[in-house]
Amino acid sequence: MADRPEYSSDLFKKGLEVRRSVLGADYVDASLARADDFNAAFQQLTTEVAWGMVWTRPGLERKTRSIINLAMLSALNRGAELRLHLRAALTNGVTRDEIKEVLLQVGGYCGIPASLEAFKIATEVFKEVDAAKSGAAKSGD
């Protein structure tokens, strides 16, 4: 991770801990390392506000926050972020059956096209997760 002044506040450090835990340290550290003088402020914004101020609040469990994110990202057709947060949801204990129900709910309230796209992305992510698990199991033999 680059040593930038944007990354030095206590709120950033607090958010960074949660962000790494939910999204994975490799992903987060790569995002921060790619930041330049133009977009480092965005990394600061997302880490401090979304992760440091919102995800650390005691009012909802991480699993619930993940479920809410899946619904919002699906409704907004934000495929890249949905892909990321599907993995995060699995990390946070959301089951595939629960994800299915969330995506069906999106279909009922936000439209079939949004739900269809979310189902396609979820299917791809599940295949990737399963392939990674299968590869890890084979290499551990």
# chains A, B, ... in the order shown; residues from 1 in each chain; ligands from 1
$ residues_around --residues "Ala118 in chain A" --least-positions-apart "2" --cutoff "12 Å" --atoms "only C-alpha atoms" --output "compact mmCIF listing (two decimals) with C-alpha atoms, in the first residue's frame"
# COMPACT_ATOMS: atom_id res chain seq x y z
CA LEU A 70 -26.57 -7.10 -2.93
CA ALA A 71 -30.08 -5.71 -3.32
CA MET A 72 -28.93 -2.14 -3.98
CA LEU A 73 -26.16 -3.06 -6.39
CA SER A 74 -28.49 -5.40 -8.29
CA ALA A 75 -31.19 -2.75 -8.50
CA LEU A 76 -28.68 -0.19 -9.76
CA ASN A 77 -27.15 -2.63 -12.26
CA ARG A 78 -23.65 -2.13 -10.88
CA GLY A 79 -22.20 -5.42 -12.10
CA ALA A 80 -18.56 -4.97 -11.13
CA GLU A 81 -19.43 -3.97 -7.58
CA LEU A 82 -22.08 -6.70 -7.37
CA ARG A 83 -19.44 -9.28 -8.32
CA HIS A 85 -19.97 -7.88 -2.96
CA LEU A 86 -21.24 -11.35 -3.83
CA ILE A 99 -28.60 -14.63 -2.20
CA LYS A 100 -31.13 -16.28 -4.51
CA GLU A 101 -33.98 -14.86 -2.42
CA VAL A 102 -32.46 -11.38 -2.48
CA LEU A 103 -32.14 -11.49 -6.26
CA LEU A 104 -35.74 -12.71 -6.62
CA GLN A 105 -36.85 -9.81 -4.41
CA VAL A 106 -34.99 -7.46 -6.76
CA GLY A 107 -36.97 -8.93 -9.65
CA CYS A 110 -36.87 -3.40 -9.36
CA GLY A 111 -37.60 -5.38 -12.51
CA ILE A 112 -36.80 -8.63 -14.21
CA PRO A 113 -33.84 -7.23 -16.22
CA ALA A 114 -32.03 -6.14 -13.05
CA SER A 115 -32.72 -9.50 -11.43
CA LEU A 116 -31.65 -11.43 -14.53
CA LYS A 120 -26.04 -14.14 -14.33
CA ILE A 121 -23.28 -12.46 -12.33
CA ALA A 122 -23.99 -14.56 -9.23
CA THR A 123 -23.84 -17.76 -11.28
CA GLU A 124 -20.44 -16.73 -12.67
CA VAL A 125 -19.13 -15.82 -9.21
$ atom_distance --atom1 "CA of Asp29 in chain A" --atom2 "CA of Leu11 in chain A"
16.8 Å
$ closest_residue --among "A:Ser139, A:Thr91, A:Thr56, A:Ser8" --to "Gln43 in chain A" --atoms "only C-alpha atoms"
A:Ser8
$ residues_around --residues "Leu90 in chain A" --least-positions-apart "2" --cutoff "12 Å" --atoms "only C-alpha atoms" --output "count of residues only"
28
